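S.K.: Just dropping this structure here.
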Amino acid sequence: MKRLFFALSLLLMVLGSSCQQATTTEPANAEASISLAAAATELPSTTIPSATLIPSPTVTWTSSATATVPPTLTPPPTQTNTATPTPTETPTATAVPINRRCPEESPVRPEYTRNFLAVTPWPAPAGDPMAHFDFIKPVPGGGRTIINKTFPYGSDGNGRYLLHNGIDIAGELGMPVLAVADGTVVVSQSDEQALYGWRCNWYGQLVVLELDQTWQDQPIYVLYGHVLGLAVDVGQRVEQGQPIAEVGVGGAAIVPHLHLEVRVGTNEFGSTRNPMLWIHPGPTRGVVAGRLIDPQGRPWQGITVTLIDASEDEPQFINTYSYQGDPQNLINPDELLAENFLFADVKPGEYTLYVKLQGVEYRQSVEVVAGELTTVEMVTEPYKTPTPTVETPPTPEMTPTAVPTEQN
């Protein structure tokens with residue numbers, strides 16, 4: 001039986017199906033396959049928002065852009081991993097009971113926005129930017145954390161999937177899954193009859209840890225989805241690096257991989273943060289966290305953002321996307337960074353950050369340091385309301401009227 005299951009898993013990996021497939025009524029039962037290739041190799045095209053925007057007087061930003069010259073932007077200094085976890089004696093209990101009953105009907109996929117400037121301002125950083133790479137990678141092996149870069153946190157895969165509130169980590173079927181930090185097991189079960197995600201039977205089997213440390217005086221939960229071989233029980237204490245399950249399939253996933261979420265405050269689907277701001281990037285990679293906003297602090301949503309590496313003869317392009325607009329507010333920025341895009345698993349070196357909006361190209365030098373976090377902010381020109389083009393009909397050519405001649 002195990003051989004048959006393993007053979008079927010390999011076949012599914014070859015066929016490749018993607019998680020959280022989008023439809024007009026509900027997400028299909030498939031999860032994004034892992035891609036280790038570069039996201040793209042060309043610059044993004046010009047994108048013009050299609051909404052009429054309402055300016056907000058509550059936040060004011062100073063823009064250095066002009067109508068003809070792209071702004072020269074200075075990123076905040078590179079931040080190092082100086083945060084210290086705050087241990088607690090016992091896990092913090094959730095104050096309000098969470099409704100885990102399965103809905104009678106699967107929820108409808110909402111309309112997300114991309115290539116769009118939000119109406120309201122994005123949160124501002126709450127204090128000095130600081131790295132908090134307190135977690136180890138959740139699968140064995142030193143160095144890089146291999147994730148699906150084509151389907152990052154805050155993206156719907158160009159309209160194909162449900163908005164991603166976690167990350168997908170490459171791993172073979174049966175690979176051990178490790179505790180990213182010390183904590184206590186609060187969930188270890190199937191979600192077929194209990195609501196922990198977008199719908200019931202979303203993760204298949206899952207493990208959730210409540211960590212000893214807190215963030216901004218709030219509890220931290222780490223969710224491992226699509227796992228098999230559960231090795232821990234509810235109430236059990238685990239230490240960082242301890243095996244707790246195995247990479248598997250199930251729920252919305254038919255291709256083996258690990259879906260990882262970081263939830264802050266409550267163990268709910270809408271309380272996530274970008275996990276790559278918590279997992280240490282390793283000794284050979286760095287992380288870039290950025291803000292792409294207009295002068296009023298409003299975020300550009302679902303915009304292609306590119307890192308250009310010109311150190312080789314042929315420039316290399318690394319693409320990601322700013323967090324998309326979500327009417328349910330399932331995507332949340334880090335409180336200290338207030339980022340709305342992120343590059344993870346980036347080689348150290350000098351890069352150019354590139355964005356093109358409303359016909360204006362923005363470029364900013366960025367240095368990526370191994371094992372560290374780099375922060376950057378781009379403030380674009382104000383939104384330009386498209387001017388309707390009135391076409392003047394061409395003046396018809398006058399054809400001379402023939403004048404009859406008298407017959408002699």
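Labeling convention for the structure tokens: chains A, B, ... as they appear, residues from 1 per chain, ligands from 1 in order of appearance.
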Sorted by chain and rising residue number, list the residues of stretch 184-262 of chain A at most 12 Å from stretch 151-164 of chain A (counting only C-alpha atoms), each with its closest atom pair and distance in Å to one decimal, as CSV.

M.R.:
```
residue,atom,partner,partner_atom,distance
A:Gly197,CA,A:His164,CA,11.3
A:Trp198,CA,A:Leu162,CA,9.0
A:Arg199,CA,A:Leu162,CA,11.6
A:Trp202,CA,A:Leu162,CA,11.7
A:Ala252,CA,A:Leu162,CA,10.9
A:His259,CA,A:His164,CA,10.0
A:Leu260,CA,A:Tyr153,CA,10.4
A:Glu261,CA,A:Tyr153,CA,9.5
A:Val262,CA,A:Tyr153,CA,11.0
```

S.K.: Considering only C-alpha atoms, can you say which of A:Ser106, A:Thr375, A:Asn148, A:Gln218 comes closest to A:Gly286?

M.R.: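 Ranked by minimum distance to A:Gly286, first place goes to A:Thr375.
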
S.K.: Could you state the separation of atom CA of A:Asn329 and atom CA of A:Pro256 in Å, given to one decimal place?

M.R.: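 Atom-to-atom, atom CA of A:Asn329 and atom CA of A:Pro256 are spaced 28.2 Å apart.
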
S.K.: Give me the residues near A:Leu228 as a ChimeraX atom specification, where near means some atom within 9 Å (using only C-alpha atoms) and where sequence neighbours in that chain fewer than 2 positions away do not count.

M.R.: /A:173-174,204-206,226,230-231,245-250

S.K.: As an exercise, work out the distance from atom CA of A:Glu172 to atom CA of A:Arg109 in Å and give it to one decimal place.

M.R.: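 Those two atoms sit 29.8 Å apart.
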
S.K.: Rounded to one decimal place, report the atom CA of A:Ile147-atom CA of A:His257 distance in Å.

M.R.: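 Between these atoms lies a distance of 9.6 Å.
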
S.K.: Please list as number ranges by chain every residue within 10 Å of A:Arg101, counting only C-alpha atoms and excluding residues in the same chain fewer than 3 positions away.

M.R.: A: 98, 104, 193-196, 199-200

S.K.: Excluding same-chain residues fewer than 3 positions from A:Pro281, what lies within 8 Å of it counting only C-alpha atoms, as a list in words?

M.R.: Phe133, Gly143, Arg144, Thr145, Met276, Thr284, Arg285, Gly286, Val287, Ala344, Asp345, Ala370, Gly371 and Glu372 of chain A

S.K.: For those residues, write C-alpha atoms to a file as an mmCIF file, in the first residue's frame.

M.R.:
```
data_model
loop_
_atom_site.group_PDB
_atom_site.id
_atom_site.type_symbol
_atom_site.label_atom_id
_atom_site.label_comp_id
_atom_site.auth_asym_id
_atom_site.auth_seq_id
_atom_site.Cartn_x
_atom_site.Cartn_y
_atom_site.Cartn_z
ATOM 1 C CA PHE A 133 14.768 36.063 12.057
ATOM 2 C CA GLY A 143 21.361 27.182 3.931
ATOM 3 C CA ARG A 144 18.470 28.236 1.733
ATOM 4 C CA THR A 145 14.745 27.888 2.325
ATOM 5 C CA MET A 276 9.895 34.912 5.320
ATOM 6 C CA THR A 284 24.218 32.673 1.800
ATOM 7 C CA ARG A 285 21.007 34.672 1.280
ATOM 8 C CA GLY A 286 19.332 37.905 2.382
ATOM 9 C CA VAL A 287 15.828 39.407 2.477
ATOM 10 C CA ALA A 344 13.295 36.336 -0.026
ATOM 11 C CA ASP A 345 16.190 33.988 -0.731
ATOM 12 C CA ALA A 370 23.881 37.642 3.646
ATOM 13 C CA GLY A 371 21.855 36.724 6.710
ATOM 14 C CA GLU A 372 20.361 40.199 7.028
#
```

S.K.: Residues within 6 Å of A:Gln240, please, as a PyMOL selection string. Count only C-alpha atoms; anything in the same chain fewer than 2 positions from it doesn't count.

M.R.: chain A and resi 179-182+242

S.K.: Output C-alpha atoms of each residue in that selection to a file, as a PDB file, in the first residue's frame.

M.R.:
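Wrote out_7.pdb, looks like this:
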```
ATOM      1  CA  ALA A 179       9.547  22.959  14.908  1.00  0.00           C
ATOM      2  CA  VAL A 180      10.776  26.425  13.895  1.00  0.00           C
ATOM      3  CA  ALA A 181      10.981  27.531  17.550  1.00  0.00           C
ATOM      4  CA  ASP A 182      10.183  26.337  21.063  1.00  0.00           C
ATOM      5  CA  GLN A 242      12.322  18.738  16.861  1.00  0.00           C
TER       6      GLN A 242
END
```

S.K.: Could you check which of A:Gln236, A:Thr150, A:Gln358, A:Ser190 is closest to A:Gly251, using only C-alpha atoms?

M.R.: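 Among the listed residues, the smallest separation from A:Gly251 belongs to A:Ser190.
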
S.K.: Compare A:Val222, A:Val232, A:Ala253, A:Leu357 by their minimum atom-to-atom distance to A:Trp300, counting only C-alpha atoms, and give me the closest one.

M.R.: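 Nearest candidate to A:Trp300 out of A:Val222, A:Val232, A:Ala253, A:Leu357: A:Leu357.
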
S.K.: Kindly indicate which residue among A:Gly265, A:Gly142, A:Pro123, A:Gly225 lies nearest to A:Asn201, using only C-alpha atoms for the distances.

M.R.: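 So, comparing all the options, the nearest one is A:Gly225.
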
S.K.: For A:Pro125, find every residue with an atom within 6 Å (counting only C-alpha atoms), except residues of its own chain fewer than 4 positions away, and show them as a list in words.

M.R.: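 Residues meeting the cut-off are Leu336, Leu337 and Ala338 of chain A.
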
S.K.: Go through A:His280, A:Val207, A:Val360, A:Leu292 one by one, measure the shortest atom-to-atom distance of each to A:Asn267 using only C-alpha atoms, and give the residue with the smallest value.

M.R.: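 With only C-alpha atoms as the atom set, the closest residue is A:Val207.
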
S.K.: Have a look at A:Gln316, A:Asn332, A:Asn115, A:Gln324 and name the one nearest to A:Pro275; count only C-alpha atoms.

M.R.: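 Of A:Gln316, A:Asn332, A:Asn115, A:Gln324, the one nearest A:Pro275 is A:Asn332, counting only C-alpha atoms.
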
S.K.: Running DSSP on the backbone, which parts of stretch 162-200 of chain A land in strand (DSSP E or B), as a PyMOL selection string?

M.R.: chain A and resi 167-169+176-178+183-190
